[in-house]
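Source file: upload29.csv (CSV, C-alpha atoms)
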chain,number,residue,atom,x,y,z
A,1,MET,CA,-61.8,-89.1,48.0
A,2,ALA,CA,-63.0,-92.7,47.8
A,3,ASP,CA,-65.3,-93.3,50.8
A,4,ASN,CA,-65.0,-97.1,50.6
A,5,LEU,CA,-61.2,-97.3,50.5
A,6,PHE,CA,-59.2,-98.1,53.7
A,7,ALA,CA,-55.5,-98.4,54.2
A,8,ALA,CA,-53.3,-100.0,56.9
A,9,ILE,CA,-49.5,-99.8,57.3
A,10,ASP,CA,-47.7,-102.2,59.5
A,11,ILE,CA,-44.2,-101.0,60.5
A,12,GLY,CA,-42.9,-104.4,61.4
A,13,THR,CA,-39.6,-105.8,62.6
A,14,ASN,CA,-38.9,-107.7,59.4
A,15,ALA,CA,-40.7,-105.5,56.8
A,16,PHE,CA,-43.0,-102.6,56.2
A,17,LYS,CA,-46.4,-103.6,54.7
A,18,LEU,CA,-49.2,-101.6,53.2
A,19,LEU,CA,-52.7,-102.9,52.5
A,20,ILE,CA,-55.4,-100.9,50.7
A,21,VAL,CA,-58.9,-102.5,50.5
A,22,GLN,CA,-62.3,-101.6,49.1
A,23,ALA,CA,-64.9,-102.2,51.8
A,24,HIS,CA,-68.6,-102.7,51.7
A,25,PRO,CA,-71.2,-103.0,54.5
A,26,PRO,CA,-71.6,-104.8,56.7
A,27,GLY,CA,-67.9,-105.7,56.8
A,28,LYS,CA,-66.8,-107.2,53.5
A,29,PHE,CA,-63.6,-106.0,51.9
A,30,LEU,CA,-61.4,-106.8,48.9
A,31,PRO,CA,-57.7,-106.1,48.6
A,32,VAL,CA,-56.9,-103.4,46.1
A,33,LEU,CA,-53.1,-103.1,46.7
A,34,THR,CA,-50.6,-105.0,48.8
A,35,VAL,CA,-47.0,-103.7,49.1
A,36,LYS,CA,-44.1,-105.0,51.1
A,37,GLU,CA,-41.0,-102.9,51.7
A,38,PRO,CA,-37.8,-104.8,52.8
A,39,VAL,CA,-36.9,-102.7,55.8
A,40,VAL,CA,-35.6,-104.9,58.7
A,41,LEU,CA,-35.6,-102.9,61.9
A,42,GLY,CA,-34.8,-106.1,63.7
A,43,TYR,CA,-31.2,-105.8,62.7
A,44,ASP,CA,-31.0,-103.0,65.4
A,45,SER,CA,-32.5,-105.2,68.1
A,46,LEU,CA,-29.3,-105.9,70.0
A,47,SER,CA,-28.7,-102.1,70.5
A,48,SER,CA,-32.3,-101.4,71.4
A,49,LYS,CA,-32.1,-98.3,69.3
A,50,ILE,CA,-33.2,-97.6,65.7
A,51,SER,CA,-30.0,-96.6,63.9
A,52,THR,CA,-29.6,-93.6,61.6
A,53,ARG,CA,-29.4,-95.8,58.6
A,54,SER,CA,-32.6,-97.7,59.5
A,55,ARG,CA,-34.4,-94.5,60.2
A,56,HIS,CA,-33.4,-93.2,56.7
A,57,LEU,CA,-34.5,-96.4,55.0
A,58,SER,CA,-37.8,-96.3,57.0
A,59,LEU,CA,-38.6,-92.7,56.0
A,60,LYS,CA,-37.8,-93.5,52.4
A,61,SER,CA,-40.1,-96.5,52.3
A,62,LEU,CA,-42.9,-94.7,54.2
A,63,LYS,CA,-42.8,-91.8,51.8
A,64,LYS,CA,-43.3,-94.3,49.0
A,65,LEU,CA,-46.2,-95.9,50.7
A,66,SER,CA,-47.7,-92.4,51.5
A,67,LYS,CA,-47.6,-91.6,47.7
A,68,LEU,CA,-49.5,-94.8,46.9
A,69,ILE,CA,-52.2,-94.0,49.5
A,70,LEU,CA,-52.6,-90.5,48.0
A,71,ALA,CA,-52.7,-91.9,44.5
A,72,HIS,CA,-55.6,-94.1,45.5
A,73,ASN,CA,-57.4,-91.2,47.2
A,74,VAL,CA,-57.8,-92.9,50.5
A,75,ARG,CA,-59.2,-90.6,53.2
A,76,THR,CA,-56.9,-89.7,56.1
A,77,LEU,CA,-59.5,-90.9,58.5
A,78,HIS,CA,-59.5,-94.2,56.8
A,79,THR,CA,-55.7,-94.6,57.0
A,80,ARG,CA,-53.9,-96.1,60.0
A,81,CYS,CA,-50.2,-96.7,60.5
A,82,VAL,CA,-49.2,-99.1,63.3
A,83,ALA,CA,-45.8,-100.1,64.7
A,84,THR,CA,-44.9,-103.3,66.5
A,85,SER,CA,-42.0,-104.8,68.5
A,86,ALA,CA,-39.0,-103.1,66.9
A,87,VAL,CA,-40.4,-99.6,67.5
A,88,ARG,CA,-42.1,-100.6,70.8
A,89,GLU,CA,-38.7,-101.7,72.3
A,90,ALA,CA,-36.5,-99.0,70.8
A,91,ARG,CA,-35.1,-96.4,73.3
A,92,ASN,CA,-35.4,-93.7,70.6
A,93,LYS,CA,-39.0,-94.5,69.5
A,94,ALA,CA,-40.2,-91.0,70.3
A,95,GLN,CA,-37.7,-89.4,67.9
A,96,PHE,CA,-38.6,-92.1,65.3
A,97,ILE,CA,-42.3,-91.4,65.6
A,98,ASP,CA,-41.8,-87.6,65.3
A,99,SER,CA,-39.6,-88.0,62.2
A,100,VAL,CA,-42.3,-90.2,60.5
A,101,ALA,CA,-45.0,-87.6,61.3
A,102,GLN,CA,-42.9,-84.7,60.0
A,103,THR,CA,-41.9,-86.5,56.8
A,104,THR,CA,-45.1,-88.4,55.9
A,105,GLY,CA,-47.9,-87.0,58.1
A,106,PHE,CA,-48.6,-90.5,59.5
A,107,ASN,CA,-49.6,-90.6,63.1
A,108,VAL,CA,-47.9,-93.8,64.2
A,109,GLU,CA,-49.8,-96.0,66.7
A,110,VAL,CA,-47.2,-98.0,68.7
A,111,LEU,CA,-49.1,-101.1,69.6
A,112,SER,CA,-48.6,-102.9,72.9
A,113,GLY,CA,-48.1,-106.6,72.7
A,114,GLU,CA,-51.7,-107.2,73.8
A,115,GLN,CA,-53.0,-104.9,71.1
A,116,GLU,CA,-50.9,-106.6,68.5
A,117,ALA,CA,-52.2,-110.0,69.6
A,118,ARG,CA,-55.8,-108.7,69.4
A,119,PHE,CA,-55.4,-107.3,65.9
A,120,SER,CA,-53.7,-110.5,64.6
A,121,TYR,CA,-56.7,-112.5,66.0
A,122,LEU,CA,-59.2,-110.1,64.3
A,123,GLY,CA,-57.2,-110.5,61.1
A,124,ALA,CA,-57.5,-114.3,61.2
A,125,LEU,CA,-61.3,-114.0,61.7
A,126,GLN,CA,-61.5,-112.1,58.3
A,127,THR,CA,-60.6,-115.3,56.3
A,128,LEU,CA,-61.1,-118.4,58.4
A,129,PRO,CA,-64.5,-119.9,59.5
A,130,VAL,CA,-63.6,-120.0,63.2
A,131,PHE,CA,-65.7,-117.1,64.4
A,132,TYR,CA,-67.8,-119.2,66.8
A,133,HIS,CA,-64.9,-121.3,68.1
A,134,SER,CA,-62.6,-120.7,71.0
A,135,VAL,CA,-59.4,-119.8,69.1
A,136,LEU,CA,-55.8,-119.7,70.2
A,137,ASN,CA,-54.1,-117.4,67.7
A,138,VAL,CA,-50.3,-117.5,67.3
A,139,ASP,CA,-48.4,-114.8,65.5
A,140,ILE,CA,-44.6,-115.2,65.3
A,141,GLY,CA,-43.2,-111.9,64.3
A,142,GLY,CA,-39.6,-110.7,63.7
A,143,GLY,CA,-39.2,-109.3,67.2
A,144,SER,CA,-42.0,-110.9,69.3
A,145,THR,CA,-44.6,-113.6,69.4
A,146,GLU,CA,-48.2,-112.7,70.2
A,147,LEU,CA,-50.9,-115.1,71.5
A,148,ALA,CA,-54.6,-114.4,71.9
A,149,ILE,CA,-57.5,-116.6,73.0
A,150,GLY,CA,-60.9,-115.4,71.7
A,151,SER,CA,-64.3,-116.3,70.5
A,152,ARG,CA,-66.9,-114.3,68.4
A,153,GLY,CA,-64.4,-111.5,68.2
A,154,ASN,CA,-64.0,-111.1,71.9
A,155,VAL,CA,-60.5,-111.5,73.2
A,156,TYR,CA,-60.4,-113.2,76.6
A,157,PHE,CA,-56.7,-113.3,77.0
A,158,SER,CA,-53.7,-111.9,75.1
A,159,SER,CA,-50.0,-111.7,75.7
A,160,SER,CA,-46.7,-111.1,74.0
A,161,LEU,CA,-43.4,-112.9,74.3
A,162,LYS,CA,-40.0,-111.3,73.5
A,163,LEU,CA,-39.2,-114.1,71.1
A,164,GLY,CA,-39.1,-113.4,67.3
A,165,HIS,CA,-37.6,-115.1,64.3
A,166,VAL,CA,-35.3,-112.1,63.6
A,167,THR,CA,-34.2,-111.4,67.1
A,168,LEU,CA,-33.6,-115.1,67.9
A,169,THR,CA,-31.4,-115.4,64.7
A,170,GLN,CA,-29.5,-112.3,65.8
A,171,GLN,CA,-28.5,-113.8,69.2
A,172,ASN,CA,-25.3,-115.7,69.4
A,173,PHE,CA,-26.3,-119.1,70.7
A,174,CYS,CA,-23.3,-120.8,69.2
A,175,HIS,CA,-21.4,-120.9,65.9
A,176,LYS,CA,-21.8,-124.7,65.5
A,177,GLU,CA,-25.2,-125.4,63.8
A,178,ASP,CA,-26.3,-128.3,65.9
A,179,GLU,CA,-25.3,-126.7,69.3
A,180,ARG,CA,-26.9,-123.4,68.2
A,181,VAL,CA,-30.3,-125.0,67.5
A,182,ILE,CA,-30.1,-126.8,70.9
A,183,ASN,CA,-29.4,-123.6,72.8
A,184,LEU,CA,-32.0,-121.7,70.8
A,185,ARG,CA,-34.6,-124.3,71.7
A,186,LYS,CA,-33.6,-124.2,75.4
A,187,HIS,CA,-33.8,-120.4,75.4
A,188,ALA,CA,-37.3,-120.3,73.8
A,189,ARG,CA,-38.6,-123.0,76.1
A,190,LYS,CA,-37.2,-121.2,79.2
A,191,VAL,CA,-38.8,-117.9,78.2
A,192,ILE,CA,-42.2,-119.5,77.5
A,193,LYS,CA,-42.1,-121.4,80.8
A,194,GLN,CA,-41.1,-118.4,82.9
A,195,SER,CA,-43.8,-116.2,81.3
A,196,GLY,CA,-46.6,-118.2,83.0
A,197,LEU,CA,-48.4,-118.5,79.7
A,198,ILE,CA,-48.6,-122.3,79.7
A,199,GLU,CA,-50.9,-122.3,82.8
A,200,LYS,CA,-52.9,-119.4,81.6
A,201,VAL,CA,-53.6,-120.9,78.2
A,202,LYS,CA,-54.5,-124.2,79.9
A,203,ASN,CA,-57.0,-122.5,82.2
A,204,PHE,CA,-58.7,-120.6,79.3
A,205,GLY,CA,-58.6,-123.6,76.9
A,206,PHE,CA,-59.1,-123.5,73.2
A,207,GLU,CA,-60.8,-125.5,70.5
A,208,VAL,CA,-58.8,-124.4,67.4
A,209,ALA,CA,-55.2,-123.2,67.0
A,210,VAL,CA,-54.5,-120.7,64.3
A,211,GLY,CA,-51.2,-119.4,63.0
A,212,SER,CA,-51.3,-116.0,61.3
A,213,SER,CA,-47.7,-115.0,60.5
A,214,GLY,CA,-45.3,-115.3,57.6
A,215,THR,CA,-43.3,-117.9,59.5
A,216,VAL,CA,-46.4,-120.2,59.8
A,217,ARG,CA,-47.3,-119.7,56.2
A,218,ALA,CA,-43.8,-120.5,55.1
A,219,ILE,CA,-43.9,-123.7,57.1
A,220,GLU,CA,-47.2,-124.7,55.7
A,221,LYS,CA,-46.0,-124.1,52.2
A,222,ALA,CA,-42.9,-126.3,52.9
A,223,ILE,CA,-45.2,-129.1,54.2
A,224,SER,CA,-47.5,-128.8,51.1
A,225,LYS,CA,-44.5,-129.1,48.8
A,226,GLY,CA,-43.0,-132.0,50.6
A,227,TYR,CA,-39.9,-130.1,51.9
A,228,GLY,CA,-39.8,-132.2,55.1
A,229,LEU,CA,-40.2,-135.5,53.2
A,230,ASN,CA,-37.3,-134.9,50.8
A,231,PHE,CA,-39.4,-135.0,47.6
A,232,THR,CA,-37.5,-134.4,44.5
A,233,ASP,CA,-38.2,-131.5,42.1
A,234,HIS,CA,-40.2,-133.5,39.6
A,235,ASN,CA,-42.7,-134.3,42.4
A,236,GLU,CA,-43.6,-130.6,42.8
A,237,ALA,CA,-45.7,-130.4,39.6
A,238,PHE,CA,-47.9,-133.2,41.0
A,239,LEU,CA,-48.0,-131.6,44.5
A,240,ARG,CA,-49.2,-128.3,43.0
A,241,GLU,CA,-52.3,-130.0,41.7
A,242,CYS,CA,-53.2,-131.4,45.1
A,243,LYS,CA,-55.6,-129.3,47.2
A,244,ARG,CA,-53.8,-127.6,50.1
A,245,ASP,CA,-55.7,-127.9,53.4
A,246,ARG,CA,-53.9,-124.8,54.8
A,247,LYS,CA,-53.3,-126.6,58.0
A,248,PHE,CA,-50.6,-128.9,59.4
A,249,SER,CA,-50.1,-131.4,62.2
A,250,ARG,CA,-47.4,-131.6,64.9
A,251,GLU,CA,-45.8,-134.5,63.1
A,252,GLU,CA,-45.7,-132.6,59.8
A,253,LEU,CA,-44.1,-129.7,61.5
A,254,LYS,CA,-41.5,-131.9,63.1
A,255,ASN,CA,-40.5,-133.4,59.8
A,256,VAL,CA,-39.8,-129.9,58.3
A,257,ILE,CA,-37.9,-128.7,61.4
A,258,GLU,CA,-35.7,-131.7,61.4
A,259,ARG,CA,-34.8,-130.9,57.8
A,260,LEU,CA,-34.2,-127.2,58.6
A,261,CYS,CA,-31.8,-128.0,61.4
A,262,LYS,CA,-29.5,-130.2,59.3
A,263,GLY,CA,-26.1,-128.6,58.7
A,264,GLY,CA,-23.8,-128.6,55.7
A,265,GLU,CA,-23.7,-126.7,52.5
A,266,LYS,CA,-26.0,-129.0,50.6
A,267,HIS,CA,-28.9,-128.5,53.1
A,268,LYS,CA,-28.2,-124.8,53.3
A,269,ALA,CA,-28.4,-124.5,49.5
A,270,LYS,CA,-31.7,-126.4,49.6
A,271,ARG,CA,-33.0,-124.1,52.4
A,272,ASP,CA,-31.9,-120.9,50.6
A,273,GLY,CA,-33.5,-122.0,47.3
A,274,PHE,CA,-36.8,-122.9,48.9
A,275,PHE,CA,-37.3,-120.2,51.5
A,276,LYS,CA,-35.5,-117.4,49.6
A,277,LYS,CA,-35.3,-114.2,51.7
A,278,ARG,CA,-36.8,-115.9,54.7
A,279,SER,CA,-34.1,-118.6,54.7
A,280,GLU,CA,-31.9,-116.7,57.2
A,281,THR,CA,-34.6,-116.7,59.9
A,282,ILE,CA,-36.8,-119.6,59.1
A,283,THR,CA,-34.9,-122.1,61.3
A,284,ALA,CA,-35.3,-119.9,64.4
A,285,GLY,CA,-39.0,-119.3,63.6
A,286,GLY,CA,-39.6,-123.0,63.0
A,287,VAL,CA,-37.9,-124.2,66.2
A,288,LEU,CA,-39.9,-121.5,68.2
A,289,LEU,CA,-43.1,-122.7,66.6
A,290,GLU,CA,-42.3,-126.4,67.4
A,291,GLU,CA,-41.8,-125.4,71.1
A,292,ILE,CA,-45.1,-123.6,71.1
A,293,PHE,CA,-46.8,-126.7,69.7
A,294,ASP,CA,-45.2,-128.8,72.4
A,295,LEU,CA,-45.7,-126.5,75.4
A,296,PHE,CA,-49.3,-125.5,74.6
A,297,GLY,CA,-50.4,-129.0,73.5
A,298,ILE,CA,-51.2,-128.0,69.9
A,299,LYS,CA,-51.9,-131.0,67.7
A,300,GLU,CA,-53.0,-129.2,64.5
A,301,MET,CA,-52.8,-125.6,63.3
A,302,LEU,CA,-55.0,-123.8,60.8
A,303,VAL,CA,-53.1,-121.3,58.7
A,304,SER,CA,-54.5,-117.8,58.1
A,305,GLY,CA,-53.5,-115.8,55.1
A,306,TYR,CA,-54.5,-112.7,57.0
A,307,ALA,CA,-52.9,-111.2,60.1
A,308,LEU,CA,-52.2,-107.8,61.7
A,309,ARG,CA,-53.0,-105.5,58.8
A,310,GLU,CA,-56.3,-107.1,58.1
A,311,GLY,CA,-57.1,-106.9,61.8
A,312,VAL,CA,-56.4,-103.2,61.8
A,313,ILE,CA,-58.7,-102.8,58.8
A,314,ALA,CA,-61.4,-104.8,60.6
A,315,ASP,CA,-61.1,-102.6,63.7
A,316,THR,CA,-61.3,-99.4,61.6
A,317,LEU,CA,-64.4,-100.7,59.7
A,318,GLY,CA,-66.0,-101.5,63.0
A,319,LYS,CA,-65.6,-97.9,64.1
A,320,VAL,CA,-66.7,-96.3,60.7
A,321,LEU,CA,-69.6,-98.6,59.8
A,322,ALA,CA,-71.0,-99.1,63.3
A,323,ASP,CA,-73.2,-96.0,63.3
A,324,ASP,CA,-74.3,-95.8,59.6
A,325,HIS,CA,-74.7,-99.3,58.4
A,326,GLY,CA,-74.0,-101.7,61.3
A,327,TYR,CA,-70.9,-103.8,61.3
A,328,ASP,CA,-70.6,-107.6,61.2
A,329,LEU,CA,-67.1,-108.9,62.2
A,330,ASN,CA,-67.8,-112.2,60.6
A,331,ALA,CA,-69.1,-110.9,57.2
A,332,ASN,CA,-65.8,-111.0,55.4
A,333,ALA,CA,-65.1,-114.7,56.4
A,334,ARG,CA,-68.5,-115.7,55.1
A,335,PHE,CA,-67.8,-113.7,51.9
A,336,GLN,CA,-64.5,-115.4,51.4
A,337,SER,CA,-66.1,-118.8,51.9
A,338,LEU,CA,-68.5,-118.1,49.1
A,339,LEU,CA,-65.7,-116.9,46.9
A,340,ARG,CA,-63.7,-120.1,47.5
A,341,LEU,CA,-66.7,-122.2,46.9
A,342,ALA,CA,-67.4,-120.4,43.6
A,343,THR,CA,-63.8,-120.8,42.6
A,344,TRP,CA,-63.8,-124.5,43.4
A,345,PHE,CA,-67.0,-125.0,41.4
A,346,ASN,CA,-65.5,-123.0,38.5
A,347,GLY,CA,-62.5,-125.3,38.6
A,348,GLU,CA,-64.6,-128.4,38.7
A,349,ASN,CA,-66.6,-127.2,35.7
A,350,LYS,CA,-63.4,-126.5,33.7
A,351,ILE,CA,-62.1,-130.0,34.5
A,352,ALA,CA,-65.5,-131.5,33.4
A,353,SER,CA,-65.5,-129.5,30.2
A,354,ALA,CA,-62.0,-130.5,29.4
A,355,ALA,CA,-62.9,-134.2,30.0
A,356,GLU,CA,-65.9,-133.8,27.7
A,357,VAL,CA,-63.7,-132.3,25.0
A,358,ARG,CA,-61.1,-135.1,25.3
A,359,GLY,CA,-63.8,-137.7,25.3
Represent the structure contained in this file as structure tokens.
Amino acid sequence: MADNLFAAIDIGTNAFKLLIVQAHPPGKFLPVLTVKEPVVLGYDSLSSKISTRSRHLSLKSLKKLSKLILAHNVRTLHTRCVATSAVREARNKAQFIDSVAQTTGFNVEVLSGEQEARFSYLGALQTLPVFYHSVLNVDIGGGSTELAIGSRGNVYFSSSLKLGHVTLTQQNFCHKEDERVINLRKHARKVIKQSGLIEKVKNFGFEVAVGSSGTVRAIEKAISKGYGLNFTDHNEAFLRECKRDRKFSREELKNVIERLCKGGEKHKAKRDGFFKKRSETITAGGVLLEEIFDLFGIKEMLVSGYALREGVIADTLGKVLADDHGYDLNANARFQSLLRLATWFNGENKIASAAEVRG
């Protein structure tokens, strides 16, 4: 067995995801394998029960992921399988968990909303240089949205909202596109206001807002490629050469959401072509994100490429390395900063070399 390999499986509402990493003291890790299985448990959200078909697809996918973990010789003690909103809210979650254990041997940890929020925050700390800041971490999932406020790895406040991009898309707000968006927005705003989170976030305060979900990353990608500005296709080659800041402002978000909310076949075709599989739910996720920006007073959001799975890995490393080597929760972010710097310098050298050759 490989003592420095660790695995995390996220049984999510919108997909099942596996991450295998190679870890080194005091907390650095490099991804070895990333796999995403397109199982959407969120389609069962209206019935609050995992259907027989979804259970069959889940077991099939989890058996595939189990074989990959075995093929990489990851120790059982280094493997964790967590489940989020869809399983958490299912009336038959006990049967589902039992069937997973019998079929794959995985001991599924059904996370509370607060645990999920903490792991997402820990995941963001593994890639962004925000360890010493007071961070509001926002993770919009398929079935829920998690918020956490923390600093130096300590979570001072965390909560979960029953608002997700899949479950919001599933709800029948209206058949007409413009009215549907208006009603969706009103619903999201109402749920957030009634949760009492606006006052709590205001009381704790934060210095930096971070988004650590697929929805946020998709919005950032759209902004970086000029989706909200109606750039034409031939502009994209130029935009790819521009350095992406991995952050966006409230105004940039607004431009993309306005474009997403436009009806008609032309705009739908554009949306489908750009967002691919996420196209069906991106409008709901984007509108929800815009409401979060407005209600919590967010002016700018940093985008994390890491989230729940990386947070689970960090938590596991903290337990395994603490006694033998000591664990540094900020080690991987520093390591990634060095890698980015080295990559940047390498790119600059290549450009300089090319210029010399051409000269």
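Closest approach to Lys28 of chain A among A:Leu5, A:Leu289, A:Val155, A:Leu111: A:Leu5, based on all atoms listed in the file.
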| message | Restricting the calculation to all atoms listed in the file: of A:Leu77, A:Ala322, A:Leu338, A:Ala307, which residue gets closest to Ser213 of chain A? | response | A:Ala307
| request: Would you mind telling me which residue in A:Leu288, A:Ala148, A:Ala314, A:Ile282 lies nearest to Glu114 of chain A when using all atoms listed in the file? | output: A:Ala148
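Reported to one decimal place, the separation of atom CA of Gly311 of chain A from atom CA of Thr127 of chain A is 10.6 Å.
Using all atoms listed in the file, the smallest distance between any of A:Cys81, A:Gln171, A:Asp98, A:Gln115 and Leu46 of chain A comes from A:Gln171.
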| task | Would you list the contacts of segment 179-191 of chain A as a ChimeraX atom specification, taking every protein, DNA or RNA residue within 7 Å and counting only C-alpha atoms, but skipping same-chain residues closer than 5 positions in sequence? | result | /A:173-174,261,287-288,291
| request: Tell me, as an MDAnalysis selection string, which residues lie within 10 Å of Lys221 of chain A, counting all atoms listed in the file; anything in the same chain fewer than 2 positions away does not count. | output: chainID A and resid 215:219 223:227 244 246:248 274:275
| task | Choose the residue, out of A:Phe96, A:Phe206, A:Phe106, A:Tyr132, that has the smallest atom-to-atom separation from Ile298 of chain A; count all atoms listed in the file. | result | A:Phe206
| field | One-decimal distance in Å that lies between atom CA of Thr145 of chain A and atom CA of Ser99 of chain A | value | 27.1 Å
| query | Any idea what the distance is between atom CA of Gly113 of chain A and atom CA of Ile11 of chain A? | reply | 14.0 Å
| Counting only C-alpha atoms, what is within 8 Å of Glu116 of chain A, bar same-chain residues fewer than 3 positions away, as number ranges by chain? | A: 84, 111-113, 119-120, 146, 308
| Spatial neighbours of His24 of chain A, max dist 12 Å, all atoms listed in the file, sep filter under 5 positions, as a VMD selection string | chain A and resid 3 to 6 29 to 31 314 317 to 318 320 to 321 324 to 328 331 to 332 335
